[in-house]
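Shown next: final_26.cif, given as mmCIF, C-alpha atoms.
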data_final
loop_
_atom_site.group_PDB
_atom_site.id
_atom_site.type_symbol
_atom_site.label_atom_id
_atom_site.label_comp_id
_atom_site.auth_asym_id
_atom_site.auth_seq_id
_atom_site.Cartn_x
_atom_site.Cartn_y
_atom_site.Cartn_z
ATOM 1 C CA MET S 1 3.507 34.538 -44.065
ATOM 2 C CA ILE S 2 6.090 33.712 -46.742
ATOM 3 C CA THR S 3 9.375 35.561 -47.212
ATOM 4 C CA LEU S 4 12.354 35.033 -49.462
ATOM 5 C CA ALA S 5 15.770 34.635 -47.925
ATOM 6 C CA SER S 6 18.840 36.091 -49.589
ATOM 7 C CA ASN S 7 19.646 32.725 -51.198
ATOM 8 C CA SER S 8 16.121 32.579 -52.706
ATOM 9 C CA ALA S 9 15.049 29.752 -50.391
ATOM 10 C CA VAL S 10 11.415 29.942 -49.344
ATOM 11 C CA ILE S 11 10.911 30.443 -45.582
ATOM 12 C CA HIS S 12 7.503 29.948 -43.984
ATOM 13 C CA ARG S 13 6.813 31.948 -40.804
ATOM 14 C CA ARG S 14 4.009 31.023 -38.423
ATOM 15 C CA PRO S 15 2.149 33.533 -36.226
ATOM 16 C CA ALA S 16 3.600 33.872 -32.700
ATOM 17 C CA GLY S 17 0.324 35.037 -31.111
ATOM 18 C CA ASN S 18 1.712 38.464 -30.222
ATOM 19 C CA GLY S 19 1.462 39.916 -33.662
ATOM 20 C CA GLY S 20 4.894 38.656 -34.640
ATOM 21 C CA TYR S 21 6.050 35.586 -36.495
ATOM 22 C CA LEU S 22 8.242 32.672 -35.533
ATOM 23 C CA PRO S 23 10.505 30.941 -38.081
ATOM 24 C CA SER S 24 9.130 27.649 -39.350
ATOM 25 C CA ARG S 25 10.659 24.942 -41.479
ATOM 26 C CA LYS S 26 12.732 25.974 -44.464
ATOM 27 C CA MET S 27 11.772 24.760 -47.974
ATOM 28 C CA ARG S 28 14.458 24.718 -50.622
ATOM 29 C CA PRO S 29 13.383 25.797 -54.114
ATOM 30 C CA VAL S 30 13.173 23.173 -56.844
ATOM 31 C CA SER S 31 16.328 23.291 -58.942
ATOM 32 C CA GLN S 32 16.218 23.909 -62.675
ATOM 33 C CA GLN S 33 17.555 20.416 -63.279
ATOM 34 C CA GLN S 34 14.787 18.911 -61.162
ATOM 35 C CA ARG S 35 12.176 20.884 -63.119
ATOM 36 C CA VAL S 36 13.579 19.459 -66.356
ATOM 37 C CA HIS S 37 13.243 15.920 -65.013
ATOM 38 C CA ASP S 38 9.729 16.603 -63.709
ATOM 39 C CA VAL S 39 8.669 17.754 -67.181
ATOM 40 C CA ARG S 40 10.340 14.767 -68.830
ATOM 41 C CA ARG S 41 8.662 12.251 -66.542
ATOM 42 C CA LEU S 42 5.234 13.826 -66.965
ATOM 43 C CA ARG S 43 5.707 14.037 -70.741
ATOM 44 C CA ASP S 44 6.569 10.313 -70.814
ATOM 45 C CA MET S 45 3.428 9.370 -68.866
ATOM 46 C CA LEU S 46 1.135 11.558 -70.942
ATOM 47 C CA ARG S 47 2.734 10.440 -74.190
ATOM 48 C CA GLY S 48 2.169 6.808 -73.254
ATOM 49 C CA ALA S 49 -1.462 7.556 -72.432
ATOM 50 C CA VAL S 50 -2.018 9.473 -75.674
ATOM 51 C CA GLN S 51 -0.320 6.859 -77.859
ATOM 52 C CA GLY S 52 -1.915 4.015 -75.912
ATOM 53 C CA GLY S 53 -5.460 5.242 -76.506
ATOM 54 C CA TRP S 54 -6.270 6.075 -72.883
ATOM 55 C CA TYR S 55 -8.449 8.947 -74.048
ATOM 56 C CA PRO S 56 -11.063 7.247 -76.289
ATOM 57 C CA ASP S 57 -12.860 10.500 -77.044
ATOM 58 C CA GLY S 58 -9.555 12.190 -77.810
ATOM 59 C CA GLN S 59 -9.963 14.789 -75.071
ATOM 60 C CA LEU S 60 -7.219 15.127 -72.476
ATOM 61 C CA PRO S 61 -8.001 16.121 -68.877
ATOM 62 C CA SER S 62 -7.805 19.789 -67.986
ATOM 63 C CA GLU S 63 -4.611 21.330 -66.652
ATOM 64 C CA ALA S 64 -6.096 21.351 -63.146
ATOM 65 C CA GLU S 65 -6.938 17.643 -63.373
ATOM 66 C CA LEU S 66 -3.473 16.775 -64.654
ATOM 67 C CA MET S 67 -1.927 18.798 -61.834
ATOM 68 C CA ALA S 68 -3.996 16.920 -59.244
ATOM 69 C CA THR S 69 -3.602 13.407 -60.672
ATOM 70 C CA HIS S 70 0.142 13.742 -61.259
ATOM 71 C CA ASN S 71 1.053 15.966 -58.307
ATOM 72 C CA ALA S 72 2.595 18.447 -60.695
ATOM 73 C CA SER S 73 2.760 22.224 -60.883
ATOM 74 C CA ARG S 74 0.926 24.146 -63.571
ATOM 75 C CA ALA S 75 4.247 25.137 -65.144
ATOM 76 C CA THR S 76 5.280 21.469 -65.373
ATOM 77 C CA VAL S 77 1.951 20.433 -66.915
ATOM 78 C CA ARG S 78 2.091 23.215 -69.495
ATOM 79 C CA ALA S 79 5.711 22.421 -70.392
ATOM 80 C CA ALA S 80 4.903 18.717 -70.863
ATOM 81 C CA LEU S 81 1.891 19.520 -73.055
ATOM 82 C CA THR S 82 4.012 21.919 -75.096
ATOM 83 C CA LEU S 83 6.466 19.100 -75.843
ATOM 84 C CA LEU S 84 3.655 16.788 -76.952
ATOM 85 C CA ARG S 85 2.217 19.519 -79.150
ATOM 86 C CA ALA S 86 5.614 20.155 -80.739
ATOM 87 C CA GLU S 87 5.812 16.422 -81.480
ATOM 88 C CA GLY S 88 2.499 16.637 -83.317
ATOM 89 C CA LEU S 89 0.599 14.327 -80.959
ATOM 90 C CA ILE S 90 -1.877 16.817 -79.469
ATOM 91 C CA GLU S 91 -3.437 20.161 -80.238
ATOM 92 C CA ARG S 92 -4.645 22.799 -77.805
ATOM 93 C CA THR S 93 -7.685 24.911 -78.713
ATOM 94 C CA GLN S 94 -8.697 27.988 -76.757
ATOM 95 C CA GLY S 95 -11.994 27.401 -74.967
ATOM 96 C CA ILE S 96 -12.105 23.716 -75.904
ATOM 97 C CA GLY S 97 -9.049 22.149 -74.312
ATOM 98 C CA THR S 98 -6.406 19.676 -75.403
ATOM 99 C CA HIS S 99 -7.193 16.826 -77.778
ATOM 100 C CA VAL S 100 -5.336 13.989 -79.475
ATOM 101 C CA VAL S 101 -4.585 14.400 -83.187
ATOM 102 C CA VAL S 102 -2.728 11.123 -83.809
ATOM 103 C CA LYS S 103 -3.969 7.567 -83.420
ATOM 104 C CA PRO S 104 -1.031 5.176 -83.874
ATOM 105 C CA VAL S 105 -1.373 1.560 -84.873
ATOM 106 C CA LYS S 106 -0.138 -1.087 -82.446
ATOM 107 C CA THR S 107 1.351 -4.247 -83.870
ATOM 108 C CA SER S 108 3.128 -7.166 -82.261
ATOM 109 C CA LEU S 109 6.691 -7.903 -83.287
ATOM 110 C CA PRO S 110 5.906 -11.474 -84.427
ATOM 111 C CA GLU S 111 3.306 -10.031 -86.819
ATOM 112 C CA ALA S 112 5.818 -7.440 -88.019
ATOM 113 C CA HIS S 113 8.259 -10.286 -88.695
ATOM 114 C CA GLY S 114 5.652 -12.034 -90.808
ATOM 115 C CA VAL S 115 6.010 -15.283 -88.899
ATOM 116 C CA MET S 116 2.492 -15.486 -87.490
ATOM 117 C CA LYS S 117 -1.016 -14.956 -88.783
ATOM 118 C CA PRO S 118 -2.020 -11.325 -88.187
ATOM 119 C CA SER S 119 -4.891 -10.540 -85.858
ATOM 120 C CA ARG S 120 -8.059 -8.943 -87.178
ATOM 121 C CA GLU S 121 -6.943 -5.529 -85.904
ATOM 122 C CA SER S 122 -3.381 -5.905 -87.176
ATOM 123 C CA LEU S 123 -1.900 -3.459 -89.617
ATOM 124 C CA TRP S 124 -0.758 -6.507 -91.569
ATOM 125 C CA ASN S 125 -4.333 -7.676 -92.085
ATOM 126 C CA GLN S 126 -4.875 -5.914 -95.414
ATOM 127 C CA ARG S 127 -5.136 -2.484 -93.784
ATOM 128 C CA MET S 128 -2.359 -0.939 -95.857
ATOM 129 C CA ARG S 129 -2.089 0.014 -99.493
ATOM 130 C CA PRO S 130 1.201 0.452 -101.366
ATOM 131 C CA ARG S 131 2.145 3.245 -103.706
ATOM 132 C CA GLU S 132 4.885 1.787 -105.872
ATOM 133 C CA ILE S 133 7.885 3.932 -106.739
ATOM 134 C CA ASP S 134 10.029 1.385 -108.549
ATOM 135 C CA ARG S 135 10.024 -2.319 -109.430
ATOM 136 C CA SER S 136 13.049 -3.259 -111.507
ATOM 137 C CA VAL S 137 15.900 -5.746 -111.750
ATOM 138 C CA VAL S 138 19.251 -4.224 -110.747
ATOM 139 C CA PRO S 139 22.762 -5.494 -109.907
ATOM 140 C CA ALA S 140 23.078 -5.958 -106.150
ATOM 141 C CA PRO S 141 25.267 -3.169 -104.725
ATOM 142 C CA THR S 142 28.208 -4.288 -102.627
ATOM 143 C CA THR S 143 26.577 -3.482 -99.275
ATOM 144 C CA VAL S 144 23.363 -5.274 -100.240
ATOM 145 C CA ALA S 145 25.238 -8.267 -101.645
ATOM 146 C CA GLY S 146 27.182 -8.615 -98.415
ATOM 147 C CA ARG S 147 24.007 -8.811 -96.321
ATOM 148 C CA LEU S 148 22.428 -11.295 -98.746
ATOM 149 C CA GLU S 149 25.637 -13.363 -98.901
ATOM 150 C CA VAL S 150 26.018 -13.195 -102.674
ATOM 151 C CA ALA S 151 28.594 -11.689 -105.026
ATOM 152 C CA PRO S 152 28.324 -7.966 -105.795
ATOM 153 C CA GLY S 153 26.454 -7.424 -109.030
ATOM 154 C CA THR S 154 24.193 -10.453 -108.585
ATOM 155 C CA PRO S 155 20.828 -9.620 -110.205
ATOM 156 C CA CYS S 156 18.042 -8.796 -107.733
ATOM 157 C CA LEU S 157 14.613 -7.234 -107.822
ATOM 158 C CA ARG S 158 14.457 -3.771 -106.276
ATOM 159 C CA LEU S 159 10.957 -2.896 -105.112
ATOM 160 C CA ASP S 160 10.477 0.581 -103.735
ATOM 161 C CA TYR S 161 7.151 1.730 -102.249
ATOM 162 C CA VAL S 162 5.348 3.999 -99.824
ATOM 163 C CA ALA S 163 2.965 2.254 -97.411
ATOM 164 C CA LEU S 164 -0.364 4.032 -96.918
ATOM 165 C CA HIS S 165 -2.782 3.582 -94.035
ATOM 166 C CA ASP S 166 -6.114 5.361 -94.345
ATOM 167 C CA GLU S 167 -4.545 6.982 -97.429
ATOM 168 C CA GLU S 168 -1.833 8.570 -95.272
ATOM 169 C CA PRO S 169 1.870 7.743 -95.843
ATOM 170 C CA ILE S 170 3.236 5.916 -92.812
ATOM 171 C CA ALA S 171 6.397 4.258 -94.141
ATOM 172 C CA ILE S 172 8.684 4.033 -97.139
ATOM 173 C CA ALA S 173 10.583 0.840 -97.925
ATOM 174 C CA THR S 174 13.092 -0.495 -100.411
ATOM 175 C CA ASN S 175 13.402 -4.269 -100.787
ATOM 176 C CA TYR S 176 16.191 -6.112 -102.610
ATOM 177 C CA VAL S 177 15.035 -9.629 -103.474
ATOM 178 C CA LEU S 178 17.215 -12.374 -104.946
ATOM 179 C CA PHE S 179 16.177 -14.834 -107.614
ATOM 180 C CA PRO S 180 14.355 -17.240 -107.842
ATOM 181 C CA GLU S 181 11.997 -15.447 -105.418
ATOM 182 C CA ALA S 182 12.368 -12.245 -107.439
ATOM 183 C CA GLU S 183 10.997 -13.961 -110.522
ATOM 184 C CA LYS S 184 7.779 -14.791 -108.668
ATOM 185 C CA LEU S 185 7.429 -11.202 -107.462
ATOM 186 C CA ARG S 186 8.153 -9.426 -110.753
ATOM 187 C CA ASP S 187 4.585 -9.431 -112.035
ATOM 188 C CA THR S 188 2.535 -10.233 -108.931
ATOM 189 C CA PRO S 189 0.057 -7.427 -108.159
ATOM 190 C CA PHE S 190 1.016 -5.489 -105.032
ATOM 191 C CA VAL S 191 -2.300 -4.760 -103.314
ATOM 192 C CA SER S 192 -1.666 -4.603 -99.568
ATOM 193 C CA ASP S 193 1.370 -5.248 -97.367
ATOM 194 C CA TRP S 194 4.697 -6.936 -98.110
ATOM 195 C CA TYR S 195 3.737 -10.281 -96.589
ATOM 196 C CA ARG S 196 0.534 -10.376 -98.592
ATOM 197 C CA LEU S 197 2.656 -9.848 -101.713
ATOM 198 C CA LEU S 198 4.971 -12.717 -100.775
ATOM 199 C CA ASP S 199 1.984 -14.947 -100.081
ATOM 200 C CA ASP S 200 0.250 -14.041 -103.350
ATOM 201 C CA ALA S 201 3.479 -14.802 -105.223
ATOM 202 C CA GLY S 202 3.871 -18.171 -103.516
ATOM 203 C CA VAL S 203 7.084 -17.174 -101.713
ATOM 204 C CA GLU S 204 7.572 -18.875 -98.346
ATOM 205 C CA LEU S 205 9.732 -17.620 -95.518
ATOM 206 C CA SER S 206 11.088 -19.343 -92.437
ATOM 207 C CA ASP S 207 12.104 -16.394 -90.284
ATOM 208 C CA SER S 208 13.079 -12.749 -90.416
ATOM 209 C CA GLU S 209 15.428 -10.449 -88.554
ATOM 210 C CA PHE S 210 15.022 -6.775 -87.677
ATOM 211 C CA ILE S 211 17.623 -4.211 -86.715
ATOM 212 C CA PHE S 212 15.948 -1.151 -85.211
ATOM 213 C CA ASP S 213 17.458 2.300 -85.291
ATOM 214 C CA CYS S 214 16.198 5.857 -85.130
ATOM 215 C CA GLU S 215 16.741 8.833 -87.392
ATOM 216 C CA LEU S 216 15.470 12.285 -88.240
ATOM 217 C CA ALA S 217 13.686 12.746 -91.540
ATOM 218 C CA ASP S 218 15.865 14.350 -94.192
ATOM 219 C CA ALA S 219 14.445 16.224 -97.189
ATOM 220 C CA PRO S 220 13.827 13.157 -99.424
ATOM 221 C CA LEU S 221 12.132 11.188 -96.638
ATOM 222 C CA ALA S 222 10.091 14.177 -95.484
ATOM 223 C CA SER S 223 8.851 14.723 -99.042
ATOM 224 C CA ALA S 224 7.927 11.060 -99.561
ATOM 225 C CA LEU S 225 6.099 10.778 -96.231
ATOM 226 C CA GLY S 226 4.504 14.227 -96.205
ATOM 227 C CA ILE S 227 6.138 15.263 -92.927
ATOM 228 C CA ARG S 228 8.468 18.019 -91.792
ATOM 229 C CA GLU S 229 12.232 17.694 -92.006
ATOM 230 C CA GLY S 230 13.647 16.600 -88.668
ATOM 231 C CA ALA S 231 10.584 14.549 -87.693
ATOM 232 C CA PRO S 232 11.491 11.351 -85.790
ATOM 233 C CA LEU S 233 11.490 8.104 -87.737
ATOM 234 C CA ILE S 234 12.068 4.450 -86.902
ATOM 235 C CA LEU S 235 14.640 2.940 -89.238
ATOM 236 C CA MET S 236 14.464 -0.805 -89.710
ATOM 237 C CA GLU S 237 16.740 -3.126 -91.639
ATOM 238 C CA GLN S 238 15.084 -6.466 -92.270
ATOM 239 C CA LEU S 239 16.459 -9.748 -93.555
ATOM 240 C CA ILE S 240 14.001 -12.456 -94.613
ATOM 241 C CA TYR S 241 15.133 -16.082 -94.958
ATOM 242 C CA ASP S 242 13.781 -18.953 -97.034
ATOM 243 C CA LEU S 243 12.894 -22.397 -95.690
ATOM 244 C CA ASP S 244 16.549 -23.474 -95.945
ATOM 245 C CA GLY S 245 17.793 -20.522 -93.929
ATOM 246 C CA ARG S 246 19.113 -18.602 -96.941
ATOM 247 C CA PRO S 247 18.639 -14.808 -96.863
ATOM 248 C CA PHE S 248 16.772 -13.696 -99.977
ATOM 249 C CA ASP S 249 15.247 -10.319 -99.080
ATOM 250 C CA LEU S 250 16.907 -7.249 -97.589
ATOM 251 C CA ALA S 251 14.697 -4.271 -96.784
ATOM 252 C CA PHE S 252 15.363 -0.724 -95.587
ATOM 253 C CA ILE S 253 12.198 0.634 -93.966
ATOM 254 C CA HIS S 254 11.630 4.163 -92.674
ATOM 255 C CA THR S 255 8.556 4.331 -90.467
ATOM 256 C CA ARG S 256 6.879 7.357 -88.920
ATOM 257 C CA GLY S 257 7.566 7.082 -85.210
ATOM 258 C CA GLU S 258 4.281 8.651 -84.115
ATOM 259 C CA ARG S 259 2.225 6.288 -86.286
ATOM 260 C CA PHE S 260 3.617 2.937 -85.135
ATOM 261 C CA ARG S 261 3.804 1.232 -81.749
ATOM 262 C CA PHE S 262 5.534 -2.119 -81.676
ATOM 263 C CA VAL S 263 4.489 -4.462 -78.875
ATOM 264 C CA SER S 264 6.719 -7.258 -77.619
ATOM 265 C CA ARG S 265 6.322 -9.583 -74.670
ATOM 266 C CA GLY S 266 8.898 -12.144 -73.649
ATOM 267 C CA LEU S 267 8.392 -15.299 -71.655
ATOM 268 C CA ARG S 268 11.089 -16.197 -69.170
ATOM 269 C CA GLN S 269 12.485 -19.686 -69.551
ATOM 270 C CA GLU S 270 13.805 -21.647 -66.606
ATOM 271 C CA ARG S 271 17.538 -22.166 -66.730
#

What's the structure tokens form of this structure?
Amino acid sequence: MITLASNSAVIHRRPAGNGGYLPSRKMRPVSQQQRVHDVRRLRDMLRGAVQGGWYPDGQLPSEAELMATHNASRATVRAALTLLRAEGLIERTQGIGTHVVVKPVKTSLPEAHGVMKPSRESLWNQRMRPREIDRSVVPAPTTVAGRLEVAPGTPCLRLDYVALHDEEPIAIATNYVLFPEAEKLRDTPFVSDWYRLLDDAGVELSDSEFIFDCELADAPLASALGIREGAPLILMEQLIYDLDGRPFDLAFIHTRGERFRFVSRGLRQER
């Protein structure tokens, strides 16, 4: 028998053998804060599985299976799935179940930096197509000039484009490139990704630097990427250096967060 005490704690009573009941151990209810954390932790695990391709056929386990495998209540499972659905990662269909609607691309950070040959499966292995917005020579604005270590107003090539993968917009980028590299890029056909363009133009790089940030899509970004306002984006500022260590390319890149997964693995060095 289960009764509720005045403080809403759950009290289990065991039969006494004479028709009555003896008090048993007392179970405190789960607090609202604990429920929030339970949902968050389950959402994180399921999100990682969805984005990591753990469900090859795209079908998630049933609610009952998720409850059993994660030791979670039905309310927690449903709340976690609701968050994933709101993020646009899954869809729930009556009578069919829950299925994945997004398949992100994984790429290693060294490949994203352009400092290593991309793997066959890499996004940087001619799997993207650009849609150019602008390619023109402009005076370097003060903020750009400061990052490129030149005087404000120094001529540079501004190349603005949307990156498409499977004909779907996944990122929008603006590059500011100094001369003489800009001269090589002015008329080189842009057919795939940025590093392919540099290679086709005969521009060599020594290293690159990323600064990662996050943002919510505003109206201009949402329109360019075909997403809703407020959708999460990864903002990257990139500096690319020539063989002498001189910065010649500054890029501002807005990437759809649900379409990219960056992979990085570090090797510990003995001190």

Within 12 Å of Asp242 of chain S using all atoms listed in the file, minus same-chain residues under 6 positions, as a PyMOL selection string: chain S and resi 115+148+177-181+198+202-208+248-249

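Using only C-alpha atoms for every distance, the candidate list S:Glu183, S:Tyr195, S:Glu87, S:Met67 yields S:Glu87 as the residue closest to Leu233 of chain S.
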
For the provided coordinates, the residues matched by the PyMOL selection byres ((chain S and resi 42-48) around 9) should be stated as a PyMOL selection string. chain S and resi 37-41+49-54+70+72+76-77+79-81+83-84+89

Create the file for the chosen residues now, containing C-alpha atoms and written as a PDB file, keeping the file's coordinate frame.
ATOM      1  CA  HIS S  37      13.243  15.920 -65.013  1.00  0.00           C
ATOM      2  CA  ASP S  38       9.729  16.603 -63.709  1.00  0.00           C
ATOM      3  CA  VAL S  39       8.669  17.754 -67.181  1.00  0.00           C
ATOM      4  CA  ARG S  40      10.340  14.767 -68.830  1.00  0.00           C
ATOM      5  CA  ARG S  41       8.662  12.251 -66.542  1.00  0.00           C
ATOM      6  CA  ALA S  49      -1.462   7.556 -72.432  1.00  0.00           C
ATOM      7  CA  VAL S  50      -2.018   9.473 -75.674  1.00  0.00           C
ATOM      8  CA  GLN S  51      -0.320   6.859 -77.859  1.00  0.00           C
ATOM      9  CA  GLY S  52      -1.915   4.015 -75.912  1.00  0.00           C
ATOM     10  CA  GLY S  53      -5.460   5.242 -76.506  1.00  0.00           C
ATOM     11  CA  TRP S  54      -6.270   6.075 -72.883  1.00  0.00           C
ATOM     12  CA  HIS S  70       0.142  13.742 -61.259  1.00  0.00           C
ATOM     13  CA  ALA S  72       2.595  18.447 -60.695  1.00  0.00           C
ATOM     14  CA  THR S  76       5.280  21.469 -65.373  1.00  0.00           C
ATOM     15  CA  VAL S  77       1.951  20.433 -66.915  1.00  0.00           C
ATOM     16  CA  ALA S  79       5.711  22.421 -70.392  1.00  0.00           C
ATOM     17  CA  ALA S  80       4.903  18.717 -70.863  1.00  0.00           C
ATOM     18  CA  LEU S  81       1.891  19.520 -73.055  1.00  0.00           C
ATOM     19  CA  LEU S  83       6.466  19.100 -75.843  1.00  0.00           C
ATOM     20  CA  LEU S  84       3.655  16.788 -76.952  1.00  0.00           C
ATOM     21  CA  LEU S  89       0.599  14.327 -80.959  1.00  0.00           C
TER      22      LEU S  89
END

Quick check on the file I pasted: which residues fall under the PyMOL selection byres ((chain S and resi 128) around 7)? Write them as an MDAnalysis selection string. chainID S and resid 123 126:127 129:130 163:165 192:193

What are the closest atom pairs, with distances in Å to one decimal, for each residue of segment 52-164 of chain S lying within 8 Å of segment 255-259 of chain S, using all atoms listed in the file, rows by chain and rising residue number, as JSON lines?
{"residue": "S:Leu89", "atom": "CA", "partner": "S:Glu258", "partner_atom": "CA", "distance": 7.5}
{"residue": "S:Val102", "atom": "CA", "partner": "S:Arg259", "partner_atom": "CA", "distance": 7.4}
{"residue": "S:Lys103", "atom": "CA", "partner": "S:Arg259", "partner_atom": "CA", "distance": 6.9}
{"residue": "S:Pro104", "atom": "CA", "partner": "S:Arg259", "partner_atom": "CA", "distance": 4.2}
{"residue": "S:Val105", "atom": "CA", "partner": "S:Arg259", "partner_atom": "CA", "distance": 6.1}

Close residues, segment 149-157 of chain S itself excluded, 12 Å, all atoms listed in the file, min 4 positions apart in chain, as a ChimeraX atom specification: /S:134-145,174-187,239,241,245-251

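Counting only C-alpha atoms and comparing S:Ala201, S:Ala231, S:Ile133, S:Leu221, the residue that lies closest to Ala171 of chain S is S:Leu221.
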
When you draw a straight line from atom CA of Thr107 of chain S to atom CA of Phe262 of chain S, how long is it in Å? 5.2 Å

Counting only C-alpha atoms, the residue of S:Glu229, S:Ile172, S:Ser108, S:Ala224 that sits nearest Ser264 of chain S: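 Closest residue, counting only C-alpha atoms: S:Ser108.
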
Near-Gly97 of chain S list (8 Å; only C-alpha atoms; drop same-chain fewer than 5 positions) as a PyMOL selection string: chain S and resi 59-60+62+92

Selected residue of minimal separation from Asp213 of chain S among S:Val101, S:Ile227, S:Arg85, S:Gln238, counting all atoms listed in the file: S:Gln238
